[in-house]
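*Asks:* Pasting in a structure now, in structure tokens, and then I'll have a few things to ask.
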Protein chains: 2
Amino acid sequence: MLLNKCKTGLRPTLLVDSVKLNNELGTRVLIASETFQHTGSFKFRAAYNVALSSSAPHLVTASSGNFGQALAYACQLTGKKCTVVMPETSTKSKIEAVEGFGGEIRLVDVGVKSRGEWLLDVLIELGTEVESVSPYDDERVIEGNSTLADELVNYKDDFDSVIVPIGGGGLSAGLIEGFKRNGVDVKVFGAEPKLGNDAAQSLNKGEIVSNEKEPATIADGARTLSVGKHNFPILKSGLTEILEVEEDEIVAAMRLLFMQANLKCEPTGALSLAALMANKERFEHKKPLVIVSGGNVDAAQYAKLIATD
Amino acid sequence: MLLNKCKTGLRPTLLVDSVKLNNELGTRVLIASETFQHTGSFKFRAAYNVALSSSAPHLVTASSGNFGQALAYACQLTGKKCTVVMPETSTKSKIEAVEGFGGEIRLVDVGVKSRGEWLLDVLIELGTEVESVSPYDDERVIEGNSTLADELVNYKDDFDSVIVPIGGGGLSAGLIEGFKRNGVDVKVFGAEPKLGNDAAQSLNKGEIVSNEKEPATIADGARTLSVGKHNFPILKSGLTEILEVEEDEIVAAMRLLFMQANLKCEPTGALSLAALMANKERFEHKKPLVIVSGGNVDAAQYAKLIATD
């Protein structure tokens, strides 16, 4: 196969080193973009690993969108059925994408009850042949995401710290585990919206803290209630720090990626560059690499955000 | 160097094979994107080859923008001075980019006289240490652009026809020469805006036909008066056909690349996919590869174009 160079059928991450972006930032930053991964985000790494590992013929998940389409495509590739429970507020492009990969969608009102509660209802309805998959809280998810670290270690001389968007903590936990497995010492920083800073609070308190309701950040991949139980011990021991990001900083980072790196990314994907921009002095003598975790965003929303000055 | 894997210091083209895009089109298309090439377009391939080959300490060019910033960066890398003659109507992002790479800009009114005439004025003013470089009509430009074919032949089983945007004809001529040098038989189609179809007219007539003035297409990289003298014989013998594209088809292709492939591209870069979309039946039993030649476009213009339904 042409583009599937990894043993796992994944597409390699795109490394971008833009002189224009570096000039604008006044510092060199390396980007690892997952926007060209199958289904447009890193989530396919996890979903494909789960679909290959599971013996169930029908997988169900609750997802704000990216894991949903990733699991739908992974199920299509492995001959399984897929049902995705999504909030009514999910972007149109994410809904259409799940359907495009043959996934069945259940749109739910997360104001009435949580995604988890909705998921239980659907599981009871669908019966025994079905397996429920967490988008972030599952060892197979962490293992799938760790393949990104396997790729990045090939360039280990070019960076010494990684900034990664954090929602449920599946990608950051995967990176920490992957770097450790490869024996590579890299500082891993999480980048989290201040509006939903449960991960930062959890690390401070030493136990998992939950948001009362889904936070209203534009970074829809980080609208999780809390980090996963499987991820928390890994984050606790392996994460250097969580950097909290304002909403307007996310927009500024999206715009900069568009203008100076020709990179279309979704709000959640820009969290890492936003964290770098807000903490430049911290990375002045470091070689930062920022993970752009995904690129799926509606045209109308994107147009509005990049046209903001 | 991390990303400069080619001997020449170029960045490899990005191959994209998007299932979402294929589903939407109803046919499989492979994309080779030059939007992450240094300076954001294929033009760096040509500019760097010229800068490495020239013994002059100061290079001057007339360019609507992409060749300008490519030459400015190539000169910065090779320790030369660079002056770029640009139309006043050039996009803000392209002007800033040339300046960002240390290039000097002369903005001119192409309604008063042609870029070529303006260029002569500047050359006379700057004196003898200066060499004038054509963005498309120069053997070193063709040779530089042919490096894209050197990369693509590694995937020769995955495509049998290539669609490439055509302005001055430098990229299409380079591809034809490059495929020939590698002994690979591929059909090369040009994609040209109907508003400035001088290349199609030239092929029909068997001699170079010029537009009377710069055509008002949104594909600003194709606002050339005519194809280059060095390119024409190559195009005449090597180009299968030129496909003419309407302005609204360019916008639709840009939007599709944004939505289904997470690819930000400039109007000129979308010519090739637009040509495919308008000629689907022609490529039904073929394996088309479309070249997305560059990604540099202003945020305001882009936002307006992708938000169009």
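Chain lettering (A, B, ...) mirrors the order of the structure tokens, residue numbering begins at 1 for each chain separately, and ligand numbering begins at 1 in order of display.
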Contacts of Pro135 in chain B at 10 Å or less, counting only C-alpha atoms, minus same-chain residues fewer than 2 places along, as a list in words?
*Replies:*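 Residues near the query, excluding close chain neighbours: Lys43, Ala46, Ala47, Val50, Thr61, Ala62, Ser63, Ser64, Gly65, Asn66, Phe67, Gly68, Ala70, Leu71, Ser132, Val133, Asp137, Asp138, Val141, Ile142, Gly168, Gly169, Gly170 and Gly228 of chain B.
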*Asks:* Just to be explicit: take each residue in the selection above, keep C-alpha atoms, and write the result as a PDB file, in the first residue's frame.
*Replies:*
ATOM      1  CA  LYS B  43       8.271  27.179  -6.552  1.00  0.00           C
ATOM      2  CA  ALA B  46      12.927  25.947  -8.987  1.00  0.00           C
ATOM      3  CA  ALA B  47      14.181  28.913  -6.987  1.00  0.00           C
ATOM      4  CA  VAL B  50      18.522  28.693  -9.711  1.00  0.00           C
ATOM      5  CA  THR B  61      12.507  38.447 -10.443  1.00  0.00           C
ATOM      6  CA  ALA B  62       9.003  39.548 -11.381  1.00  0.00           C
ATOM      7  CA  SER B  63       6.483  37.338  -9.586  1.00  0.00           C
ATOM      8  CA  SER B  64       2.906  37.392  -8.359  1.00  0.00           C
ATOM      9  CA  GLY B  65       4.213  36.102  -5.102  1.00  0.00           C
ATOM     10  CA  ASN B  66       5.058  32.424  -4.730  1.00  0.00           C
ATOM     11  CA  PHE B  67       8.207  32.486  -6.829  1.00  0.00           C
ATOM     12  CA  GLY B  68       9.106  35.750  -5.137  1.00  0.00           C
ATOM     13  CA  ALA B  70      10.749  31.089  -2.876  1.00  0.00           C
ATOM     14  CA  LEU B  71      13.593  33.048  -4.493  1.00  0.00           C
ATOM     15  CA  SER B 132      17.165  38.467 -13.752  1.00  0.00           C
ATOM     16  CA  VAL B 133      15.366  35.176 -13.157  1.00  0.00           C
ATOM     17  CA  ASP B 137      10.909  30.331 -18.352  1.00  0.00           C
ATOM     18  CA  ASP B 138      14.395  29.099 -17.547  1.00  0.00           C
ATOM     19  CA  VAL B 141      13.563  26.324 -13.247  1.00  0.00           C
ATOM     20  CA  ILE B 142      12.397  23.324 -15.269  1.00  0.00           C
ATOM     21  CA  GLY B 168       3.738  29.719 -17.212  1.00  0.00           C
ATOM     22  CA  GLY B 169       4.216  25.995 -17.727  1.00  0.00           C
ATOM     23  CA  GLY B 170       7.307  25.576 -15.566  1.00  0.00           C
ATOM     24  CA  GLY B 228       7.462  30.221 -21.395  1.00  0.00           C
TER      25      GLY B 228
END
*Asks:* Can you list every residue of chain A that has an atom at most 9 Å from chain B, with its nearest atom pair and the distance in Å to one decimal, using only C-alpha atoms, ordered by chain then number, as JSON lines?
*Replies:*
{"residue": "A:Met1", "atom": "CA", "partner": "B:Asp158", "partner_atom": "CA", "distance": 8.8}
{"residue": "A:Leu2", "atom": "CA", "partner": "B:Tyr155", "partner_atom": "CA", "distance": 6.9}
{"residue": "A:Leu3", "atom": "CA", "partner": "B:Asp17", "partner_atom": "CA", "distance": 7.4}
{"residue": "A:Leu14", "atom": "CA", "partner": "B:Leu14", "partner_atom": "CA", "distance": 8.3}
{"residue": "A:Leu15", "atom": "CA", "partner": "B:Leu3", "partner_atom": "CA", "distance": 7.3}
{"residue": "A:Val16", "atom": "CA", "partner": "B:Phe36", "partner_atom": "CA", "distance": 7.2}
{"residue": "A:Asp17", "atom": "CA", "partner": "B:Leu3", "partner_atom": "CA", "distance": 7.3}
{"residue": "A:Ser18", "atom": "CA", "partner": "B:His38", "partner_atom": "CA", "distance": 7.3}
{"residue": "A:Val19", "atom": "CA", "partner": "B:His38", "partner_atom": "CA", "distance": 7.8}
{"residue": "A:Lys20", "atom": "CA", "partner": "B:Gly100", "partner_atom": "CA", "distance": 7.4}
{"residue": "A:Asn23", "atom": "CA", "partner": "B:Gly100", "partner_atom": "CA", "distance": 7.7}
{"residue": "A:Glu24", "atom": "CA", "partner": "B:Gly100", "partner_atom": "CA", "distance": 8.8}
{"residue": "A:Thr35", "atom": "CA", "partner": "B:Asn262", "partner_atom": "CA", "distance": 6.5}
{"residue": "A:Phe36", "atom": "CA", "partner": "B:Asn262", "partner_atom": "CA", "distance": 6.8}
{"residue": "A:His38", "atom": "CA", "partner": "B:Ser18", "partner_atom": "CA", "distance": 7.3}
{"residue": "A:Thr39", "atom": "CA", "partner": "B:Lys20", "partner_atom": "CA", "distance": 7.5}
{"residue": "A:Gly40", "atom": "CA", "partner": "B:Asn262", "partner_atom": "CA", "distance": 7.0}
{"residue": "A:Ser93", "atom": "CA", "partner": "B:Met259", "partner_atom": "CA", "distance": 7.8}
{"residue": "A:Ala97", "atom": "CA", "partner": "B:Lys20", "partner_atom": "CA", "distance": 7.4}
{"residue": "A:Gly100", "atom": "CA", "partner": "B:Lys20", "partner_atom": "CA", "distance": 7.3}
{"residue": "A:Phe101", "atom": "CA", "partner": "B:Lys20", "partner_atom": "CA", "distance": 8.2}
{"residue": "A:Tyr155", "atom": "CA", "partner": "B:Leu2", "partner_atom": "CA", "distance": 6.9}
{"residue": "A:Asp157", "atom": "CA", "partner": "B:Leu2", "partner_atom": "CA", "distance": 8.9}
{"residue": "A:Asp158", "atom": "CA", "partner": "B:Leu2", "partner_atom": "CA", "distance": 7.1}
{"residue": "A:Arg255", "atom": "CA", "partner": "B:Ala299", "partner_atom": "CA", "distance": 8.1}
{"residue": "A:Phe258", "atom": "CA", "partner": "B:Lys264", "partner_atom": "CA", "distance": 7.7}
{"residue": "A:Met259", "atom": "CA", "partner": "B:Ala299", "partner_atom": "CA", "distance": 7.0}
{"residue": "A:Gln260", "atom": "CA", "partner": "B:Gly40", "partner_atom": "CA", "distance": 8.8}
{"residue": "A:Ala261", "atom": "CA", "partner": "B:Phe36", "partner_atom": "CA", "distance": 7.2}
{"residue": "A:Asn262", "atom": "CA", "partner": "B:Gly295", "partner_atom": "CA", "distance": 5.9}
{"residue": "A:Leu263", "atom": "CA", "partner": "B:Lys264", "partner_atom": "CA", "distance": 6.4}
{"residue": "A:Lys264", "atom": "CA", "partner": "B:Lys264", "partner_atom": "CA", "distance": 5.8}
{"residue": "A:Cys265", "atom": "CA", "partner": "B:Asn262", "partner_atom": "CA", "distance": 7.6}
{"residue": "A:Gly295", "atom": "CA", "partner": "B:Asn262", "partner_atom": "CA", "distance": 5.9}
{"residue": "A:Asn296", "atom": "CA", "partner": "B:Asn262", "partner_atom": "CA", "distance": 6.9}
{"residue": "A:Val297", "atom": "CA", "partner": "B:Met259", "partner_atom": "CA", "distance": 7.9}
{"residue": "A:Asp298", "atom": "CA", "partner": "B:Met259", "partner_atom": "CA", "distance": 7.4}
{"residue": "A:Ala299", "atom": "CA", "partner": "B:Ala307", "partner_atom": "CA", "distance": 5.8}
{"residue": "A:Ala300", "atom": "CA", "partner": "B:Ala307", "partner_atom": "CA", "distance": 5.3}
{"residue": "A:Gln301", "atom": "CA", "partner": "B:Ala307", "partner_atom": "CA", "distance": 8.7}
{"residue": "A:Tyr302", "atom": "CA", "partner": "B:Ala303", "partner_atom": "CA", "distance": 7.5}
{"residue": "A:Ala303", "atom": "CA", "partner": "B:Ala303", "partner_atom": "CA", "distance": 4.2}
{"residue": "A:Lys304", "atom": "CA", "partner": "B:Ala303", "partner_atom": "CA", "distance": 7.0}
{"residue": "A:Leu305", "atom": "CA", "partner": "B:Ala303", "partner_atom": "CA", "distance": 8.7}
{"residue": "A:Ile306", "atom": "CA", "partner": "B:Ala299", "partner_atom": "CA", "distance": 6.1}
{"residue": "A:Ala307", "atom": "CA", "partner": "B:Ala300", "partner_atom": "CA", "distance": 5.3}
{"residue": "A:Thr308", "atom": "CA", "partner": "B:Ala300", "partner_atom": "CA", "distance": 8.8}
*Asks:* Output C-alpha atoms for every residue in the selection just made, as a PDB file, in the first residue's frame.
*Replies:*
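What landed in again.pdb:
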ATOM      1  CA  MET A   1       0.000   0.000   0.000  1.00  0.00           C
ATOM      2  CA  LEU A   2       1.221   3.426  -0.893  1.00  0.00           C
ATOM      3  CA  LEU A   3       0.706   5.482   2.208  1.00  0.00           C
ATOM      4  CA  LEU A  14       3.449  14.812   9.160  1.00  0.00           C
ATOM      5  CA  LEU A  15       6.427  16.701  10.524  1.00  0.00           C
ATOM      6  CA  VAL A  16       6.372  20.393   9.694  1.00  0.00           C
ATOM      7  CA  ASP A  17       9.267  22.753  10.345  1.00  0.00           C
ATOM      8  CA  SER A  18       8.094  26.096   8.990  1.00  0.00           C
ATOM      9  CA  VAL A  19      10.630  28.898   8.739  1.00  0.00           C
ATOM     10  CA  LYS A  20       7.769  31.417   8.473  1.00  0.00           C
ATOM     11  CA  ASN A  23      10.244  33.669  12.372  1.00  0.00           C
ATOM     12  CA  GLU A  24       6.820  34.806  13.561  1.00  0.00           C
ATOM     13  CA  THR A  35      -4.477  16.041  10.542  1.00  0.00           C
ATOM     14  CA  PHE A  36      -3.662  13.697   7.640  1.00  0.00           C
ATOM     15  CA  HIS A  38      -6.852   8.302   8.518  1.00  0.00           C
ATOM     16  CA  THR A  39     -10.154  10.035   9.448  1.00  0.00           C
ATOM     17  CA  GLY A  40      -8.263  13.280  10.111  1.00  0.00           C
ATOM     18  CA  SER A  93     -18.831  17.607   9.411  1.00  0.00           C
ATOM     19  CA  ALA A  97     -18.045  11.672   8.516  1.00  0.00           C
ATOM     20  CA  GLY A 100     -19.726   8.212   5.592  1.00  0.00           C
ATOM     21  CA  PHE A 101     -17.729   5.398   7.188  1.00  0.00           C
ATOM     22  CA  TYR A 155      13.696  12.262  15.291  1.00  0.00           C
ATOM     23  CA  ASP A 157      17.669  14.580  18.443  1.00  0.00           C
ATOM     24  CA  ASP A 158      15.394  17.302  17.121  1.00  0.00           C
ATOM     25  CA  ARG A 255      -4.761  31.310  12.738  1.00  0.00           C
ATOM     26  CA  PHE A 258      -3.099  28.555   8.891  1.00  0.00           C
ATOM     27  CA  MET A 259      -1.056  31.617   7.933  1.00  0.00           C
ATOM     28  CA  GLN A 260       2.512  30.524   8.597  1.00  0.00           C
ATOM     29  CA  ALA A 261       2.438  26.736   8.203  1.00  0.00           C
ATOM     30  CA  ASN A 262      -0.413  26.171   5.696  1.00  0.00           C
ATOM     31  CA  LEU A 263      -1.913  23.847   8.279  1.00  0.00           C
ATOM     32  CA  LYS A 264      -5.663  23.507   8.726  1.00  0.00           C
ATOM     33  CA  CYS A 265      -6.372  22.332  12.246  1.00  0.00           C
ATOM     34  CA  GLY A 295      -7.945  18.791  11.649  1.00  0.00           C
ATOM     35  CA  ASN A 296     -11.685  18.140  11.479  1.00  0.00           C
ATOM     36  CA  VAL A 297     -13.638  21.373  11.726  1.00  0.00           C
ATOM     37  CA  ASP A 298     -16.688  22.788   9.947  1.00  0.00           C
ATOM     38  CA  ALA A 299     -16.037  25.290   7.184  1.00  0.00           C
ATOM     39  CA  ALA A 300     -18.340  27.957   8.631  1.00  0.00           C
ATOM     40  CA  GLN A 301     -16.756  27.774  12.095  1.00  0.00           C
ATOM     41  CA  TYR A 302     -13.230  27.708  10.683  1.00  0.00           C
ATOM     42  CA  ALA A 303     -13.867  30.625   8.322  1.00  0.00           C
ATOM     43  CA  LYS A 304     -15.139  32.704  11.230  1.00  0.00           C
ATOM     44  CA  LEU A 305     -12.178  31.843  13.456  1.00  0.00           C
ATOM     45  CA  ILE A 306      -9.350  32.469  10.976  1.00  0.00           C
ATOM     46  CA  ALA A 307     -10.883  35.731   9.750  1.00  0.00           C
ATOM     47  CA  THR A 308     -10.756  37.126  13.334  1.00  0.00           C
TER      48      THR A 308
END
*Asks:* Pull the helix (DSSP H, G or I) assignments for range 82-114 of chain A out of DSSP run on the backbone, and list those residues as a PyMOL selection string.
*Replies:* chain A and resi 92-100
*Asks:* If you run DSSP over the backbone, which residues in range 123-276 of chain B end up strand (DSSP E)? Put them as an NGL selection string.
*Replies:* :B and (130-133 or 161-165 or 187-193 or 239-245)
*Asks:* Can those selected residues be exported to a file as a compact mmCIF listing (two decimals), in the first residue's frame so that it contains C-alpha atoms?
*Replies:*
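As written to disk, again05.txt reads:
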# COMPACT_ATOMS: atom_id res chain seq x y z
CA VAL B 130 22.34 41.54 -10.91
CA GLU B 131 20.79 38.56 -12.67
CA SER B 132 17.16 38.47 -13.75
CA VAL B 133 15.37 35.18 -13.16
CA SER B 161 -2.06 10.11 -15.07
CA VAL B 162 -1.11 13.40 -13.46
CA ILE B 163 -3.12 16.62 -13.47
CA VAL B 164 -1.05 19.72 -12.82
CA PRO B 165 -1.95 23.42 -12.59
CA LYS B 187 -0.03 10.99 -19.04
CA VAL B 188 0.36 14.62 -17.94
CA PHE B 189 -2.71 16.89 -18.12
CA GLY B 190 -2.55 20.65 -17.58
CA ALA B 191 -5.33 22.39 -15.60
CA GLU B 192 -5.81 26.02 -16.62
CA PRO B 193 -8.38 28.68 -15.72
CA LEU B 239 1.34 17.22 -22.54
CA THR B 240 -1.66 14.98 -23.21
CA GLU B 241 -4.19 17.79 -23.04
CA ILE B 242 -5.12 20.96 -21.20
CA LEU B 243 -8.35 20.91 -19.19
CA GLU B 244 -9.99 24.31 -18.81
CA VAL B 245 -11.56 25.17 -15.46
*Asks:* What does the distance from CA of Glu117 in chain B to CA of Val98 in chain B come to in Å, to one decimal?
*Replies:* 21.0 Å
*Asks:* Could you state the separation of CA of Thr91 in chain B and CA of Asp109 in chain B in Å, given to one decimal place?
*Replies:*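 Interatomic distance, CA of Thr91 in chain B to CA of Asp109 in chain B: 14.0 Å.
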*Asks:* With distances taken over only C-alpha atoms, which of A:Val227, A:Glu125, A:Asn211, A:Ile234 is nearest to Ala173 in chain A?
*Replies:* A:Ile234
*Asks:* How many Å lie between CA of Gly116 in chain A and CA of Gly103 in chain A, rounded to one decimal?
*Replies:*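 Interatomic distance here is 18.8 Å.
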